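Chemist: Structure below; questions to follow.
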Amino acid sequence: MRKMDIDLAAPSLRRTLYRTPRMARVAALVAFCLLPVVAVAAVKYVDALRRYELLAASLHARQQSPAPLKTAASVPQVAPERAAAINAAVMQLNLPWRGLHDAVAAATPPAVALLALEPDARKRVLHITAEVKNSDDMIAYVEQMQAQDWFLAVSLTRHEINDQDPNHPIRFQLDAQWRQP
């Protein structure tokens, strides 16, 4: 025989809870617990939406109204010595290093040992210090530097023989004035 559910109790909350399946009660409890989280998220969403609408309205108003003209601010005066120092630094930074290096490298034979390259941007002069074993190599190097198209004038400014070194190398300095690039 089949089981029959006979319920003679009067309709009430207790009777409804008793007859509700267990999974439905668990789902209702979870939904009730998540209700505050969803409410907080909804409030944040509405607040962000209002801020975006205000931002869009202010951007639209800014596009519609002409931009105010800015008055020229007074330019602070720079001391002449400071301006000269800044200009000298800018000239040093704007040296044509690649061209100078390529020109010196093209003119330097293996017999010449370069010791120093000191550019003077204001005068456009490159001070070169080098060593060679004999004076013929020194003269040949000066002539090779003069043959470079990059330099206007090359002059030997100083030379000396190092007697303390057993090879007695000749240390010399020359100035090479470069062309305006």
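Numbering starts fresh at 1 for the residues of each chain in the structure tokens, the chains themselves are lettered A, B, ... in the order given, and ligands are numbered from 1 as they appear.
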I need the residues of segment 67-176 of chain A that end up classed as strand (DSSP E or B) by DSSP on the backbone, written out as an MDAnalysis selection string.
Modeler: chainID A and resid 113:120 125:132 151:161 170:176
Chemist: Selected residues, N, CA, C and O atoms, written as a tab-separated table (two decimals), in the first residue's frame, please.
Modeler:
chain	number	residue	atom	x	y	z
A	113	ALA	N	99.33	55.52	-29.86
A	113	ALA	CA	98.52	55.17	-28.68
A	113	ALA	C	97.85	56.44	-28.17
A	113	ALA	O	98.51	57.35	-27.69
A	114	LEU	N	96.53	56.50	-28.31
A	114	LEU	CA	95.78	57.66	-27.82
A	114	LEU	C	95.66	57.59	-26.30
A	114	LEU	O	95.28	56.57	-25.74
A	115	LEU	N	96.00	58.68	-25.64
A	115	LEU	CA	95.93	58.73	-24.18
A	115	LEU	C	94.74	59.54	-23.70
A	115	LEU	O	94.14	59.22	-22.68
A	116	ALA	N	94.39	60.62	-24.43
A	116	ALA	CA	93.29	61.47	-23.97
A	116	ALA	C	92.69	62.23	-25.15
A	116	ALA	O	93.40	62.65	-26.06
A	117	LEU	N	91.38	62.39	-25.10
A	117	LEU	CA	90.63	63.25	-26.03
A	117	LEU	C	89.85	64.22	-25.18
A	117	LEU	O	88.97	63.83	-24.42
A	118	GLU	N	90.17	65.51	-25.29
A	118	GLU	CA	89.51	66.53	-24.47
A	118	GLU	C	88.90	67.58	-25.39
A	118	GLU	O	89.61	68.43	-25.92
A	119	PRO	N	87.57	67.56	-25.56
A	119	PRO	CA	86.95	68.55	-26.44
A	119	PRO	C	86.70	69.87	-25.72
A	119	PRO	O	86.43	69.90	-24.52
A	120	ASP	N	86.80	70.95	-26.45
A	120	ASP	CA	86.43	72.28	-25.98
A	120	ASP	C	85.31	72.75	-26.91
A	120	ASP	O	85.58	73.20	-28.03
A	125	VAL	N	87.45	72.84	-30.51
A	125	VAL	CA	88.80	72.30	-30.61
A	125	VAL	C	88.86	71.00	-29.81
A	125	VAL	O	88.35	70.91	-28.70
A	126	LEU	N	89.50	70.00	-30.40
A	126	LEU	CA	89.71	68.72	-29.73
A	126	LEU	C	91.19	68.62	-29.37
A	126	LEU	O	92.06	68.66	-30.25
A	127	HIS	N	91.50	68.53	-28.07
A	127	HIS	CA	92.87	68.38	-27.58
A	127	HIS	C	93.16	66.88	-27.49
A	127	HIS	O	92.47	66.16	-26.77
A	128	ILE	N	94.16	66.44	-28.22
A	128	ILE	CA	94.49	65.01	-28.27
A	128	ILE	C	95.87	64.82	-27.66
A	128	ILE	O	96.82	65.53	-27.99
A	129	THR	N	95.97	63.84	-26.75
A	129	THR	CA	97.25	63.45	-26.17
A	129	THR	C	97.52	62.02	-26.60
A	129	THR	O	96.66	61.15	-26.45
A	130	ALA	N	98.72	61.79	-27.15
A	130	ALA	CA	99.05	60.45	-27.67
A	130	ALA	C	100.53	60.18	-27.47
A	130	ALA	O	101.31	61.07	-27.11
A	131	GLU	N	100.92	58.90	-27.70
A	131	GLU	CA	102.31	58.47	-27.62
A	131	GLU	C	102.67	57.67	-28.87
A	131	GLU	O	101.84	56.92	-29.38
A	132	VAL	N	103.90	57.84	-29.33
A	132	VAL	CA	104.43	57.06	-30.45
A	132	VAL	C	105.87	56.66	-30.12
A	132	VAL	O	106.48	57.20	-29.20
A	151	PHE	N	88.15	67.97	-39.84
A	151	PHE	CA	88.93	68.99	-39.14
A	151	PHE	C	89.34	70.12	-40.08
A	151	PHE	O	89.74	69.90	-41.22
A	152	LEU	N	89.26	71.34	-39.57
A	152	LEU	CA	89.70	72.53	-40.32
A	152	LEU	C	91.21	72.70	-40.22
A	152	LEU	O	91.89	72.94	-41.21
A	153	ALA	N	91.71	72.62	-39.00
A	153	ALA	CA	93.14	72.84	-38.77
A	153	ALA	C	93.61	71.90	-37.67
A	153	ALA	O	92.91	71.68	-36.67
A	154	VAL	N	94.80	71.35	-37.85
A	154	VAL	CA	95.41	70.48	-36.85
A	154	VAL	C	96.82	71.01	-36.61
A	154	VAL	O	97.58	71.23	-37.55
A	155	SER	N	97.14	71.21	-35.33
A	155	SER	CA	98.48	71.73	-35.03
A	155	SER	C	99.09	70.97	-33.85
A	155	SER	O	98.40	70.65	-32.88
A	156	LEU	N	100.36	70.71	-33.97
A	156	LEU	CA	101.12	70.05	-32.90
A	156	LEU	C	101.46	71.12	-31.87
A	156	LEU	O	102.11	72.11	-32.18
A	157	THR	N	101.00	70.96	-30.63
A	157	THR	CA	101.19	71.99	-29.62
A	157	THR	C	102.34	71.69	-28.66
A	157	THR	O	102.94	72.60	-28.11
A	158	ARG	N	102.66	70.40	-28.48
A	158	ARG	CA	103.68	70.07	-27.48
A	158	ARG	C	104.15	68.64	-27.72
A	158	ARG	O	103.36	67.78	-28.11
A	159	HIS	N	105.40	68.39	-27.46
A	159	HIS	CA	105.91	67.01	-27.50
A	159	HIS	C	107.09	66.89	-26.54
A	159	HIS	O	107.80	67.86	-26.27
A	160	GLU	N	107.30	65.69	-26.03
A	160	GLU	CA	108.41	65.44	-25.11
A	160	GLU	C	108.75	63.95	-25.16
A	160	GLU	O	107.90	63.11	-25.43
A	161	ILE	N	109.98	63.66	-24.88
A	161	ILE	CA	110.45	62.28	-24.87
A	161	ILE	C	110.49	61.83	-23.42
A	161	ILE	O	111.05	62.51	-22.55
A	170	ILE	N	107.59	59.04	-27.41
A	170	ILE	CA	107.36	60.47	-27.54
A	170	ILE	C	105.89	60.73	-27.22
A	170	ILE	O	104.99	60.18	-27.87
A	171	ARG	N	105.69	61.51	-26.19
A	171	ARG	CA	104.33	61.91	-25.82
A	171	ARG	C	104.09	63.29	-26.42
A	171	ARG	O	104.90	64.20	-26.23
A	172	PHE	N	102.99	63.44	-27.16
A	172	PHE	CA	102.73	64.72	-27.80
A	172	PHE	C	101.25	65.08	-27.66
A	172	PHE	O	100.40	64.24	-27.37
A	173	GLN	N	101.01	66.37	-27.85
A	173	GLN	CA	99.64	66.90	-27.81
A	173	GLN	C	99.41	67.69	-29.08
A	173	GLN	O	100.31	68.39	-29.57
A	174	LEU	N	98.20	67.55	-29.61
A	174	LEU	CA	97.83	68.35	-30.76
A	174	LEU	C	96.41	68.85	-30.59
A	174	LEU	O	95.60	68.26	-29.86
A	175	ASP	N	96.14	69.98	-31.25
A	175	ASP	CA	94.81	70.57	-31.23
A	175	ASP	C	94.22	70.45	-32.62
A	175	ASP	O	94.87	70.80	-33.61
A	176	ALA	N	93.00	69.92	-32.69
A	176	ALA	CA	92.31	69.76	-33.96
A	176	ALA	C	90.99	70.53	-33.89
A	176	ALA	O	90.13	70.22	-33.07
Chemist: Neighbouring residues of segment 96-107 of chain A were defined as those with any atom within 8 Å, considering only C-alpha atoms; residues of the same chain fewer than 6 positions away were excluded. Please report them as a list in words.
Modeler: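 Near neighbours after the sequence-gap exclusion: Tyr141, Gln144, Met145, Gln148, Trp150, Trp178 and Pro181 of chain A.
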Chemist: Go ahead and write the selection's residues with C-alpha atoms as a short mmCIF file (atom, residue, chain, number, x, y, z; two decimals), in the first residue's frame.
Modeler:
data_model
loop_
_atom_site.label_atom_id
_atom_site.label_comp_id
_atom_site.auth_asym_id
_atom_site.auth_seq_id
_atom_site.Cartn_x
_atom_site.Cartn_y
_atom_site.Cartn_z
CA TYR A 141 99.80 61.14 -37.56
CA GLN A 144 96.72 62.09 -41.39
CA MET A 145 94.65 64.21 -39.01
CA GLN A 148 90.50 64.35 -42.47
CA TRP A 150 86.13 66.69 -40.34
CA TRP A 178 86.53 70.63 -36.13
CA PRO A 181 78.35 69.87 -38.36
#
Chemist: To one decimal place, how far is atom CA of Asp136 of chain A from atom CA of Asp163 of chain A in Å?
Modeler: 18.0 Å
Chemist: List every residue of segment 87-139 of chain A that DSSP, applied to the backbone of this structure, assigns to helix (DSSP H, G or I), and report them as a PyMOL selection string.
Modeler: chain A and resi 87-93+97-107+135-139
Chemist: For N, CA and C atoms, I'd like the residues from the last selection saved as a PDB file, in the first residue's frame.
Modeler:
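Result saved to result_19.pdb:
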ATOM      1  N   ASN A  87      74.622  77.538 -20.825  1.00  0.00           N
ATOM      2  CA  ASN A  87      74.931  77.426 -22.247  1.00  0.00           C
ATOM      3  C   ASN A  87      76.185  76.589 -22.485  1.00  0.00           C
ATOM      4  N   ALA A  88      77.185  76.735 -21.626  1.00  0.00           N
ATOM      5  CA  ALA A  88      78.404  75.932 -21.762  1.00  0.00           C
ATOM      6  C   ALA A  88      78.096  74.449 -21.548  1.00  0.00           C
ATOM      7  N   ALA A  89      77.248  74.155 -20.586  1.00  0.00           N
ATOM      8  CA  ALA A  89      76.878  72.759 -20.335  1.00  0.00           C
ATOM      9  C   ALA A  89      76.105  72.187 -21.522  1.00  0.00           C
ATOM     10  N   VAL A  90      75.224  72.978 -22.090  1.00  0.00           N
ATOM     11  CA  VAL A  90      74.450  72.516 -23.250  1.00  0.00           C
ATOM     12  C   VAL A  90      75.382  72.280 -24.436  1.00  0.00           C
ATOM     13  N   MET A  91      76.362  73.162 -24.614  1.00  0.00           N
ATOM     14  CA  MET A  91      77.317  72.976 -25.709  1.00  0.00           C
ATOM     15  C   MET A  91      78.122  71.685 -25.521  1.00  0.00           C
ATOM     16  N   GLN A  92      78.515  71.393 -24.288  1.00  0.00           N
ATOM     17  CA  GLN A  92      79.255  70.159 -24.009  1.00  0.00           C
ATOM     18  C   GLN A  92      78.382  68.936 -24.295  1.00  0.00           C
ATOM     19  N   LEU A  93      77.103  69.034 -23.941  1.00  0.00           N
ATOM     20  CA  LEU A  93      76.209  67.898 -24.168  1.00  0.00           C
ATOM     21  C   LEU A  93      75.910  67.699 -25.647  1.00  0.00           C
ATOM     22  N   TRP A  97      80.022  63.865 -30.869  1.00  0.00           N
ATOM     23  CA  TRP A  97      80.945  62.808 -30.453  1.00  0.00           C
ATOM     24  C   TRP A  97      81.147  61.738 -31.522  1.00  0.00           C
ATOM     25  N   ARG A  98      80.075  61.323 -32.167  1.00  0.00           N
ATOM     26  CA  ARG A  98      80.200  60.224 -33.135  1.00  0.00           C
ATOM     27  C   ARG A  98      81.112  60.648 -34.290  1.00  0.00           C
ATOM     28  N   GLY A  99      80.903  61.851 -34.822  1.00  0.00           N
ATOM     29  CA  GLY A  99      81.746  62.321 -35.920  1.00  0.00           C
ATOM     30  C   GLY A  99      83.186  62.507 -35.501  1.00  0.00           C
ATOM     31  N   LEU A 100      83.400  63.087 -34.311  1.00  0.00           N
ATOM     32  CA  LEU A 100      84.769  63.263 -33.819  1.00  0.00           C
ATOM     33  C   LEU A 100      85.466  61.920 -33.634  1.00  0.00           C
ATOM     34  N   HIS A 101      84.755  60.986 -33.031  1.00  0.00           N
ATOM     35  CA  HIS A 101      85.350  59.659 -32.792  1.00  0.00           C
ATOM     36  C   HIS A 101      85.673  58.967 -34.105  1.00  0.00           C
ATOM     37  N   ASP A 102      84.754  59.021 -35.064  1.00  0.00           N
ATOM     38  CA  ASP A 102      85.003  58.363 -36.344  1.00  0.00           C
ATOM     39  C   ASP A 102      86.187  58.996 -37.077  1.00  0.00           C
ATOM     40  N   ALA A 103      86.292  60.320 -37.039  1.00  0.00           N
ATOM     41  CA  ALA A 103      87.397  61.003 -37.722  1.00  0.00           C
ATOM     42  C   ALA A 103      88.733  60.662 -37.069  1.00  0.00           C
ATOM     43  N   VAL A 104      88.772  60.670 -35.738  1.00  0.00           N
ATOM     44  CA  VAL A 104      90.021  60.345 -35.035  1.00  0.00           C
ATOM     45  C   VAL A 104      90.372  58.877 -35.249  1.00  0.00           C
ATOM     46  N   ALA A 105      89.375  57.996 -35.212  1.00  0.00           N
ATOM     47  CA  ALA A 105      89.644  56.563 -35.405  1.00  0.00           C
ATOM     48  C   ALA A 105      90.139  56.283 -36.820  1.00  0.00           C
ATOM     49  N   ALA A 106      89.623  57.014 -37.811  1.00  0.00           N
ATOM     50  CA  ALA A 106      90.058  56.798 -39.192  1.00  0.00           C
ATOM     51  C   ALA A 106      91.495  57.260 -39.405  1.00  0.00           C
ATOM     52  N   ALA A 107      91.914  58.277 -38.677  1.00  0.00           N
ATOM     53  CA  ALA A 107      93.263  58.825 -38.867  1.00  0.00           C
ATOM     54  C   ALA A 107      94.307  58.186 -37.963  1.00  0.00           C
ATOM     55  N   SER A 135     109.591  59.953 -33.958  1.00  0.00           N
ATOM     56  CA  SER A 135     109.052  61.237 -34.423  1.00  0.00           C
ATOM     57  C   SER A 135     108.422  61.125 -35.804  1.00  0.00           C
ATOM     58  N   ASP A 136     108.862  60.166 -36.622  1.00  0.00           N
ATOM     59  CA  ASP A 136     108.259  59.998 -37.943  1.00  0.00           C
ATOM     60  C   ASP A 136     106.786  59.608 -37.831  1.00  0.00           C
ATOM     61  N   ASP A 137     106.465  58.717 -36.872  1.00  0.00           N
ATOM     62  CA  ASP A 137     105.072  58.330 -36.647  1.00  0.00           C
ATOM     63  C   ASP A 137     104.257  59.523 -36.162  1.00  0.00           C
ATOM     64  N   MET A 138     104.851  60.376 -35.345  1.00  0.00           N
ATOM     65  CA  MET A 138     104.151  61.549 -34.845  1.00  0.00           C
ATOM     66  C   MET A 138     103.803  62.502 -36.000  1.00  0.00           C
ATOM     67  N   ILE A 139     104.743  62.783 -36.849  1.00  0.00           N
ATOM     68  CA  ILE A 139     104.524  63.684 -37.980  1.00  0.00           C
ATOM     69  C   ILE A 139     103.501  63.075 -38.938  1.00  0.00           C
TER      70      ILE A 139
END
